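Pasting run_15.pdb here (PDB, C-alpha atoms):
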ATOM      1  CA  MET A  21       7.851  57.818 -19.481  1.00  0.00           C
ATOM      2  CA  ARG A  22       5.559  54.962 -18.480  1.00  0.00           C
ATOM      3  CA  VAL A  23       3.412  55.774 -15.453  1.00  0.00           C
ATOM      4  CA  TYR A  24       0.872  53.659 -13.610  1.00  0.00           C
ATOM      5  CA  VAL A  25      -2.329  55.385 -12.524  1.00  0.00           C
ATOM      6  CA  PRO A  26      -4.320  53.733  -9.710  1.00  0.00           C
ATOM      7  CA  LEU A  27      -8.090  53.706 -10.154  1.00  0.00           C
ATOM      8  CA  THR A  28     -11.222  51.775  -9.253  1.00  0.00           C
ATOM      9  CA  LEU A  29     -13.694  50.321 -11.749  1.00  0.00           C
ATOM     10  CA  PRO A  30     -16.008  53.360 -11.340  1.00  0.00           C
ATOM     11  CA  GLY A  31     -12.944  55.593 -11.834  1.00  0.00           C
ATOM     12  CA  LEU A  32     -12.089  53.694 -15.004  1.00  0.00           C
ATOM     13  CA  ALA A  33     -15.670  54.149 -16.227  1.00  0.00           C
ATOM     14  CA  GLU A  34     -15.411  57.907 -15.605  1.00  0.00           C
ATOM     15  CA  ALA A  35     -12.089  58.086 -17.448  1.00  0.00           C
ATOM     16  CA  TYR A  36     -13.530  56.144 -20.365  1.00  0.00           C
ATOM     17  CA  LYS A  37     -16.556  58.428 -20.558  1.00  0.00           C
ATOM     18  CA  ALA A  38     -14.356  61.569 -20.354  1.00  0.00           C
ATOM     19  CA  GLY A  39     -11.741  60.131 -22.705  1.00  0.00           C
ATOM     20  CA  GLN A  40      -8.986  61.053 -20.269  1.00  0.00           C
ATOM     21  CA  LEU A  41      -7.373  60.343 -16.940  1.00  0.00           C
ATOM     22  CA  GLY A  42      -7.691  63.435 -14.810  1.00  0.00           C
ATOM     23  CA  PRO A  43      -8.194  66.095 -13.703  1.00  0.00           C
ATOM     24  CA  ALA A  44      -4.676  67.238 -12.928  1.00  0.00           C
ATOM     25  CA  PRO A  45      -2.783  67.030 -10.739  1.00  0.00           C
ATOM     26  CA  LEU A  46      -2.945  63.274 -11.009  1.00  0.00           C
ATOM     27  CA  ASP A  47      -1.182  60.876  -8.619  1.00  0.00           C
ATOM     28  CA  ALA A  48       0.591  57.954 -10.252  1.00  0.00           C
ATOM     29  CA  PHE A  49       3.621  55.684  -9.925  1.00  0.00           C
ATOM     30  CA  ALA A  50       6.699  55.225 -12.106  1.00  0.00           C
ATOM     31  CA  ILE A  51      10.333  54.222 -12.075  1.00  0.00           C
ATOM     32  CA  THR A  52      11.970  57.025 -10.091  1.00  0.00           C
ATOM     33  CA  PRO A  53      15.389  57.343  -8.448  1.00  0.00           C
ATOM     34  CA  ALA A  54      13.743  56.664  -5.073  1.00  0.00           C
ATOM     35  CA  LEU A  55      12.114  53.497  -6.446  1.00  0.00           C
ATOM     36  CA  ARG A  56      15.450  52.312  -7.865  1.00  0.00           C
ATOM     37  CA  GLU A  57      17.090  52.849  -4.474  1.00  0.00           C
ATOM     38  CA  TRP A  58      14.221  51.192  -2.568  1.00  0.00           C
ATOM     39  CA  TYR A  59      13.950  48.179  -4.894  1.00  0.00           C
ATOM     40  CA  VAL A  60      17.718  47.849  -5.431  1.00  0.00           C
ATOM     41  CA  SER A  61      17.591  46.687  -9.028  1.00  0.00           C
ATOM     42  CA  ASP A  62      18.665  47.930 -12.427  1.00  0.00           C
ATOM     43  CA  ASP A  63      16.371  45.560 -14.320  1.00  0.00           C
ATOM     44  CA  VAL A  64      13.772  47.768 -16.002  1.00  0.00           C
ATOM     45  CA  GLU A  65      11.139  45.021 -16.124  1.00  0.00           C
ATOM     46  CA  GLU A  66      11.513  44.376 -12.392  1.00  0.00           C
ATOM     47  CA  LEU A  67      11.297  48.100 -11.687  1.00  0.00           C
ATOM     48  CA  GLU A  68       8.179  48.460 -13.826  1.00  0.00           C
ATOM     49  CA  TYR A  69       6.639  45.550 -11.945  1.00  0.00           C
ATOM     50  CA  ALA A  70       7.512  47.278  -8.647  1.00  0.00           C
ATOM     51  CA  ALA A  71       5.910  50.531  -9.859  1.00  0.00           C
ATOM     52  CA  LEU A  72       2.816  48.579 -10.937  1.00  0.00           C
ATOM     53  CA  GLY A  73       2.682  46.983  -7.482  1.00  0.00           C
ATOM     54  CA  ARG A  74       2.872  50.392  -5.806  1.00  0.00           C
ATOM     55  CA  ALA A  75       0.029  51.571  -8.067  1.00  0.00           C
ATOM     56  CA  ALA A  76      -2.010  48.502  -7.081  1.00  0.00           C
ATOM     57  CA  GLN A  77      -1.549  49.578  -3.453  1.00  0.00           C
ATOM     58  CA  GLY A  78      -2.747  53.042  -4.479  1.00  0.00           C
ATOM     59  CA  SER A  79      -5.821  51.457  -6.040  1.00  0.00           C
ATOM     60  CA  LEU A  80      -6.451  49.568  -2.797  1.00  0.00           C
ATOM     61  CA  ARG A  81      -6.431  52.904  -0.945  1.00  0.00           C
ATOM     62  CA  ARG A  82      -9.000  54.252  -3.390  1.00  0.00           C
ATOM     63  CA  LEU A  83     -11.151  51.180  -2.777  1.00  0.00           C
ATOM     64  CA  ALA A  84     -10.921  51.718   0.979  1.00  0.00           C
ATOM     65  CA  ALA A  85     -12.242  55.257   0.432  1.00  0.00           C
ATOM     66  CA  ASP A  86     -15.092  54.098  -1.845  1.00  0.00           C
ATOM     67  CA  PRO A  87     -17.073  51.308  -0.180  1.00  0.00           C
ATOM     68  CA  GLY A  88     -19.497  51.131  -3.119  1.00  0.00           C
ATOM     69  CA  ALA A  89     -16.830  50.286  -5.707  1.00  0.00           C
ATOM     70  CA  PRO A  90     -16.385  46.662  -6.808  1.00  0.00           C
ATOM     71  CA  ARG A  91     -13.508  45.170  -4.850  1.00  0.00           C
ATOM     72  CA  ARG A  92     -11.055  44.879  -7.726  1.00  0.00           C
ATOM     73  CA  ARG A  93      -7.872  46.910  -8.027  1.00  0.00           C
ATOM     74  CA  VAL A  94      -7.397  48.802 -11.298  1.00  0.00           C
ATOM     75  CA  VAL A  95      -4.218  50.335 -12.709  1.00  0.00           C
ATOM     76  CA  VAL A  96      -3.891  52.083 -16.064  1.00  0.00           C
ATOM     77  CA  ALA A  97      -0.428  52.138 -17.660  1.00  0.00           C
ATOM     78  CA  VAL A  98       0.097  55.268 -19.772  1.00  0.00           C
ATOM     79  CA  ASP A  99       3.007  56.826 -21.600  1.00  0.00           C
ATOM     80  CA  VAL A 100       3.453  60.536 -20.925  1.00  0.00           C
ATOM     81  CA  ALA A 101       6.022  63.215 -21.675  1.00  0.00           C
ATOM     82  CA  ASP A 102       8.704  63.431 -18.989  1.00  0.00           C
ATOM     83  CA  GLN A 103       8.014  67.125 -18.410  1.00  0.00           C
ATOM     84  CA  LEU A 104       4.498  66.280 -17.146  1.00  0.00           C
ATOM     85  CA  VAL A 105       5.937  64.166 -14.321  1.00  0.00           C
ATOM     86  CA  SER A 106       7.352  65.299 -10.995  1.00  0.00           C
ATOM     87  CA  ALA A 107       8.644  62.692  -8.563  1.00  0.00           C
ATOM     88  CA  ASP A 108       8.416  62.699  -4.788  1.00  0.00           C
ATOM     89  CA  PRO A 109      12.038  62.096  -3.698  1.00  0.00           C
ATOM     90  CA  ASP A 110      10.932  60.658  -0.356  1.00  0.00           C
ATOM     91  CA  ALA A 111       8.324  58.194  -1.651  1.00  0.00           C
ATOM     92  CA  PRO A 112       9.543  55.326  -3.836  1.00  0.00           C
ATOM     93  CA  GLY A 113       7.845  55.491  -7.209  1.00  0.00           C
ATOM     94  CA  GLU A 114       5.310  58.196  -6.380  1.00  0.00           C
ATOM     95  CA  VAL A 115       4.857  60.836  -9.060  1.00  0.00           C
ATOM     96  CA  ARG A 116       2.388  63.575  -9.867  1.00  0.00           C
ATOM     97  CA  LEU A 117       1.209  64.414 -13.378  1.00  0.00           C
ATOM     98  CA  SER A 118       0.679  68.106 -14.075  1.00  0.00           C
ATOM     99  CA  ALA A 119      -1.917  67.564 -16.801  1.00  0.00           C
ATOM    100  CA  ALA A 120      -4.775  65.217 -17.607  1.00  0.00           C
ATOM    101  CA  VAL A 121      -3.771  62.371 -19.926  1.00  0.00           C
ATOM    102  CA  PRO A 122      -5.852  61.305 -22.945  1.00  0.00           C
ATOM    103  CA  LEU A 123      -6.964  57.719 -22.458  1.00  0.00           C
ATOM    104  CA  LYS A 124      -5.777  56.973 -25.996  1.00  0.00           C
ATOM    105  CA  LYS A 125      -2.211  57.209 -24.584  1.00  0.00           C
ATOM    106  CA  ALA A 126      -2.891  54.222 -22.360  1.00  0.00           C
ATOM    107  CA  ALA A 127      -0.775  51.179 -23.089  1.00  0.00           C
ATOM    108  CA  ALA A 128      -2.763  48.712 -20.975  1.00  0.00           C
ATOM    109  CA  VAL A 129      -5.195  48.273 -18.131  1.00  0.00           C
ATOM    110  CA  HIS A 130      -4.427  45.949 -15.222  1.00  0.00           C
ATOM    111  CA  VAL A 131      -7.362  44.603 -13.173  1.00  0.00           C
ATOM    112  CA  ASP A 132      -7.863  41.957 -10.517  1.00  0.00           C
ATOM    113  CA  ALA A 133      -9.590  38.745 -11.539  1.00  0.00           C
ATOM    114  CA  ASP A 134     -12.968  37.921 -10.010  1.00  0.00           C
ATOM    115  CA  ASP A 135     -11.366  35.425  -7.628  1.00  0.00           C
ATOM    116  CA  ALA A 136      -9.382  38.232  -5.957  1.00  0.00           C
ATOM    117  CA  GLU A 137     -12.460  40.156  -4.809  1.00  0.00           C
ATOM    118  CA  GLN A 138     -12.757  38.539  -1.380  1.00  0.00           C
ATOM    119  CA  ASP A 139      -9.091  39.122  -0.499  1.00  0.00           C
ATOM    120  CA  VAL A 140      -9.136  42.650  -1.932  1.00  0.00           C
ATOM    121  CA  ALA A 141     -12.300  43.459   0.046  1.00  0.00           C
ATOM    122  CA  ALA A 142     -10.674  42.204   3.245  1.00  0.00           C
ATOM    123  CA  ALA A 143      -7.503  44.184   2.477  1.00  0.00           C
ATOM    124  CA  ALA A 144      -9.446  47.390   1.844  1.00  0.00           C
ATOM    125  CA  ALA A 145     -11.324  46.924   5.115  1.00  0.00           C
ATOM    126  CA  ALA A 146      -8.096  46.282   7.051  1.00  0.00           C
ATOM    127  CA  LEU A 147      -6.097  49.151   5.545  1.00  0.00           C
ATOM    128  CA  GLY A 148      -6.851  51.680   8.299  1.00  0.00           C
ATOM    129  CA  ALA A 149      -5.797  49.295  11.062  1.00  0.00           C
ATOM    130  CA  ALA A 150      -2.678  48.313   9.107  1.00  0.00           C
ATOM    131  CA  ASP A 151      -1.748  51.988   8.812  1.00  0.00           C
ATOM    132  CA  GLN A 152      -2.015  52.180  12.625  1.00  0.00           C
ATOM    133  CA  GLY A 153       0.539  49.373  13.016  1.00  0.00           C
ATOM    134  CA  ASP A 154      -1.758  46.361  13.463  1.00  0.00           C
ATOM    135  CA  ASP A 155       0.304  43.382  12.267  1.00  0.00           C
ATOM    136  CA  ASP A 156      -2.723  41.128  11.670  1.00  0.00           C
ATOM    137  CA  ALA A 157      -4.340  43.832   9.551  1.00  0.00           C
ATOM    138  CA  GLN A 158      -1.088  44.265   7.627  1.00  0.00           C
ATOM    139  CA  PHE A 159      -1.053  40.530   6.938  1.00  0.00           C
ATOM    140  CA  THR A 160      -4.575  40.860   5.511  1.00  0.00           C
ATOM    141  CA  VAL A 161      -3.563  43.845   3.387  1.00  0.00           C
ATOM    142  CA  ASP A 162      -0.536  41.959   2.090  1.00  0.00           C
ATOM    143  CA  GLY A 163      -2.869  39.114   1.085  1.00  0.00           C
ATOM    144  CA  ALA A 164      -4.182  41.221  -1.799  1.00  0.00           C
ATOM    145  CA  ASP A 165      -0.666  41.184  -3.255  1.00  0.00           C
ATOM    146  CA  ASP A 166      -0.950  37.411  -3.661  1.00  0.00           C
ATOM    147  CA  HIS A 167      -3.197  38.135  -6.657  1.00  0.00           C
ATOM    148  CA  GLU A 168      -1.555  39.181  -9.903  1.00  0.00           C
ATOM    149  CA  LEU A 169      -3.342  41.897 -11.831  1.00  0.00           C
ATOM    150  CA  MET A 170      -4.504  40.718 -15.236  1.00  0.00           C
ATOM    151  CA  TRP A 171      -3.508  42.585 -18.393  1.00  0.00           C
ATOM    152  CA  PHE A 172      -6.123  44.029 -20.738  1.00  0.00           C
ATOM    153  CA  GLY A 173      -5.814  46.042 -23.902  1.00  0.00           C
ATOM    154  CA  VAL A 174      -7.321  49.543 -23.917  1.00  0.00           C
ATOM    155  CA  GLN A 175      -9.941  48.383 -26.420  1.00  0.00           C
ATOM    156  CA  GLU A 176     -11.242  46.009 -23.724  1.00  0.00           C
ATOM    157  CA  ILE A 177     -12.197  48.809 -21.303  1.00  0.00           C
ATOM    158  CA  PRO A 178     -15.904  48.738 -22.281  1.00  0.00           C
ATOM    159  CA  ASN A 179     -16.040  45.068 -21.288  1.00  0.00           C
ATOM    160  CA  LEU A 180     -14.355  45.806 -17.950  1.00  0.00           C
ATOM    161  CA  ILE A 181     -16.722  48.566 -16.923  1.00  0.00           C
TER     162      ILE A 181
END
Take the structure in the file and give it back as structure tokens.
Amino acid sequence: MRVYVPLTLPGLAEAYKAGQLGPAPLDAFAITPALREWYVSDDVEELEYAALGRAAQGSLRRLAADPGAPRRRVVVAVDVADQLVSADPDAPGEVRLSAAVPLKKAAAVHVDADDAEQDVAAAAAALGAADQGDDDAQFTVDGADDHELMWFGVQEIPNLI
């Protein structure tokens, strides 16, 4: 199963140094029955894109909690055995991995481009207010989604960190 693990650049550096994503349990995102119902599509590529988007939101939450991290969302796509994954039936796409995952199982790394940093920084700063129902803050948070995450091969991680 392909899962999308939200990180920050410092989190990616730690994973690279350790050679694994972890420790377990590890929060991630994937195509789940709840995501299929929420997104209302049977197209696997669209569903994977939706799961990636949910992981990008997870990365934004990590950025909001780490003010020292560079303001770029990071998502690592990894393939794991189905038995390592448990889905939250009430949260579209949210899964939990029961074991750390070797970084060599990663299929790709998705990272914001430099030009997204200002919007991502504003979104991270506005996240708390958006969670409280502030529509203007939600508009700012949604602005980060206007930036597509770039695709990088796993061998490019040293250049990213």
For this session: Point out the residue among A:Ile177, A:Val161, A:Val129, A:Ala144 with the least atom-to-atom distance to Val98 of chain A, counting only C-alpha atoms.
Result: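 Smallest distance to Val98 of chain A is found for A:Val129.
Applied to the shown file, the PyMOL selection byres ((chain A and resi 79) around 7) selects the residues A:Pro26, A:Leu27, A:Thr28, A:Ala75, A:Ala76, A:Gln77, A:Gly78, A:Leu80, A:Arg81, A:Arg82, A:Leu83, A:Arg93, A:Val94, A:Val95.
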Exercise. Given the choices A:Pro112, A:Pro90, A:Pro53, A:Pro45, which gets closest to Glu137 of chain A if the distance is worked out from only C-alpha atoms?
Worked result: A:Pro90
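Interatomic distance, atom CA of Arg74 of chain A to atom CA of Glu114 of chain A: 8.2 Å.
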Output as lines of an AutoDock Vina configuration file the centre and edge lengths (Å, one decimal) of the box along x, y and z of the file that holds every listed atom of segment 81-92 of chain A after adding 3 Å on each side.
center_x = -13.0
center_y = 50.1
center_z = -3.4
size_x = 19.1
size_y = 16.4
size_z = 14.7
For this session: Apply the PyMOL selection byres ((chain A and resi 173) around 10) to the displayed file and report the matching residues as a PyMOL selection string.
Result: chain A and resi 126-130+171-172+174-177
Problem set entry | Straight-line distance linking atom CA of Lys37 of chain A with atom CA of Pro178 of chain A, stated in Å to one decimal |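 Between atom CA of Lys37 of chain A and atom CA of Pro178 of chain A the gap works out to 9.9 Å.
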Around (-17.6, 52.8, -5.8) in the file's own coordinates, what residues are found within 9 Å if you use only C-alpha atoms, given back as a compact mmCIF listing (two decimals) with C-alpha atoms, in the frame of the given file?
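That gives us part.txt:
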# COMPACT_ATOMS: atom_id res chain seq x y z
CA THR A 28 -11.22 51.78 -9.25
CA LEU A 29 -13.69 50.32 -11.75
CA PRO A 30 -16.01 53.36 -11.34
CA GLY A 31 -12.94 55.59 -11.83
CA LEU A 83 -11.15 51.18 -2.78
CA ALA A 85 -12.24 55.26 0.43
CA ASP A 86 -15.09 54.10 -1.84
CA PRO A 87 -17.07 51.31 -0.18
CA GLY A 88 -19.50 51.13 -3.12
CA ALA A 89 -16.83 50.29 -5.71
CA PRO A 90 -16.39 46.66 -6.81
CA ARG A 91 -13.51 45.17 -4.85
Problem set entry | Selection dump of the PyMOL selection byres ((chain A and resi 113) around 12), as number ranges by chain | A: 22-25, 47-59, 67-75, 77-78, 105-112, 114-116
Problem set entry | Selected residue of minimal separation from Leu41 of chain A among A:Asp99, A:Asp162, A:Asp156, A:Glu168, counting all atoms listed in the file |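 The shortest atom-to-atom distance to Leu41 of chain A comes from A:Asp99.
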For this session: Kindly indicate which residue among A:Ala119, A:Met170, A:Ile181, A:Ala101 lies nearest to Glu34 of chain A, using only C-alpha atoms for the distances.
Result: A:Ile181
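Going from atom CA of Ser118 of chain A over to atom CA of Leu46 of chain A, you cover 6.8 Å.
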Exercise. Nearest to Leu123 of chain A: which of A:Ala145, A:Leu104, A:Ala97, A:Ala150 is it, counting all atoms listed in the file?
Worked result: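 Checking each candidate against Leu123 of chain A, we get A:Ala97 as the closest.
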Problem set entry | Shell of 8 Å around Ala146 of chain A, only C-alpha atoms, local chain residues under 2 positions omitted, as an MDAnalysis selection string | chainID A and resid 142:144 148:150 157:158 160:161
Please supply segment 105-133 of chain A, rebuilt with N, CA and C atoms, as a compact mmCIF listing (two decimals), in the coordinates of the input.
# COMPACT_ATOMS: atom_id res chain seq x y z
N VAL A 105 5.77 65.00 -15.50
CA VAL A 105 5.94 64.17 -14.32
C VAL A 105 6.89 64.82 -13.32
N SER A 106 6.45 64.90 -12.07
CA SER A 106 7.35 65.30 -11.00
C SER A 106 7.33 64.19 -9.95
N ALA A 107 8.51 63.81 -9.50
CA ALA A 107 8.64 62.69 -8.56
C ALA A 107 8.76 63.21 -7.14
N ASP A 108 8.24 62.43 -6.21
CA ASP A 108 8.42 62.70 -4.79
C ASP A 108 9.70 61.99 -4.37
N PRO A 109 10.76 62.74 -4.01
CA PRO A 109 12.04 62.10 -3.70
C PRO A 109 12.01 61.23 -2.44
N ASP A 110 11.00 61.41 -1.61
CA ASP A 110 10.93 60.66 -0.36
C ASP A 110 9.99 59.46 -0.41
N ALA A 111 9.30 59.29 -1.54
CA ALA A 111 8.32 58.19 -1.65
C ALA A 111 8.65 57.37 -2.89
N PRO A 112 9.12 56.15 -2.70
CA PRO A 112 9.54 55.33 -3.84
C PRO A 112 8.46 55.16 -4.90
N GLY A 113 8.73 55.68 -6.07
CA GLY A 113 7.84 55.49 -7.21
C GLY A 113 6.70 56.48 -7.33
N GLU A 114 6.45 57.27 -6.32
CA GLU A 114 5.31 58.20 -6.38
C GLU A 114 5.64 59.40 -7.25
N VAL A 115 4.71 59.68 -8.17
CA VAL A 115 4.86 60.84 -9.06
C VAL A 115 3.52 61.57 -9.13
N ARG A 116 3.60 62.78 -9.65
CA ARG A 116 2.39 63.58 -9.87
C ARG A 116 2.45 64.09 -11.30
N LEU A 117 1.33 63.93 -12.01
CA LEU A 117 1.21 64.41 -13.38
C LEU A 117 0.57 65.80 -13.35
N SER A 118 1.14 66.72 -14.10
CA SER A 118 0.68 68.11 -14.08
C SER A 118 -0.45 68.38 -15.06
N ALA A 119 -0.84 67.38 -15.83
CA ALA A 119 -1.92 67.56 -16.80
C ALA A 119 -2.70 66.26 -16.92
N ALA A 120 -3.97 66.40 -17.31
CA ALA A 120 -4.78 65.22 -17.61
C ALA A 120 -4.15 64.49 -18.80
N VAL A 121 -4.37 63.19 -18.87
CA VAL A 121 -3.77 62.37 -19.93
C VAL A 121 -4.89 61.75 -20.77
N PRO A 122 -4.85 61.96 -22.09
CA PRO A 122 -5.85 61.30 -22.94
C PRO A 122 -5.78 59.79 -22.78
N LEU A 123 -6.92 59.17 -22.65
CA LEU A 123 -6.96 57.72 -22.46
C LEU A 123 -6.37 56.98 -23.65
N LYS A 124 -6.36 57.62 -24.82
CA LYS A 124 -5.78 56.97 -26.00
C LYS A 124 -4.27 56.77 -25.84
N LYS A 125 -3.64 57.42 -24.85
CA LYS A 125 -2.21 57.21 -24.58
C LYS A 125 -1.96 56.00 -23.69
N ALA A 126 -3.04 55.39 -23.23
CA ALA A 126 -2.89 54.22 -22.36
C ALA A 126 -2.31 53.06 -23.14
N ALA A 127 -1.40 52.36 -22.49
CA ALA A 127 -0.78 51.18 -23.09
C ALA A 127 -1.51 49.91 -22.70
N ALA A 128 -2.08 49.91 -21.48
CA ALA A 128 -2.76 48.71 -20.98
C ALA A 128 -3.55 49.08 -19.73
N VAL A 129 -4.44 48.17 -19.37
CA VAL A 129 -5.20 48.27 -18.13
C VAL A 129 -4.95 46.98 -17.36
N HIS A 130 -4.67 47.11 -16.08
CA HIS A 130 -4.43 45.95 -15.22
C HIS A 130 -5.54 45.91 -14.18
N VAL A 131 -6.20 44.75 -14.06
CA VAL A 131 -7.36 44.60 -13.17
C VAL A 131 -7.30 43.25 -12.48
N ASP A 132 -7.76 43.23 -11.23
CA ASP A 132 -7.86 41.96 -10.52
C ASP A 132 -8.88 41.04 -11.19
N ALA A 133 -8.63 39.75 -11.10
CA ALA A 133 -9.59 38.74 -11.54
C ALA A 133 -10.72 38.66 -10.51
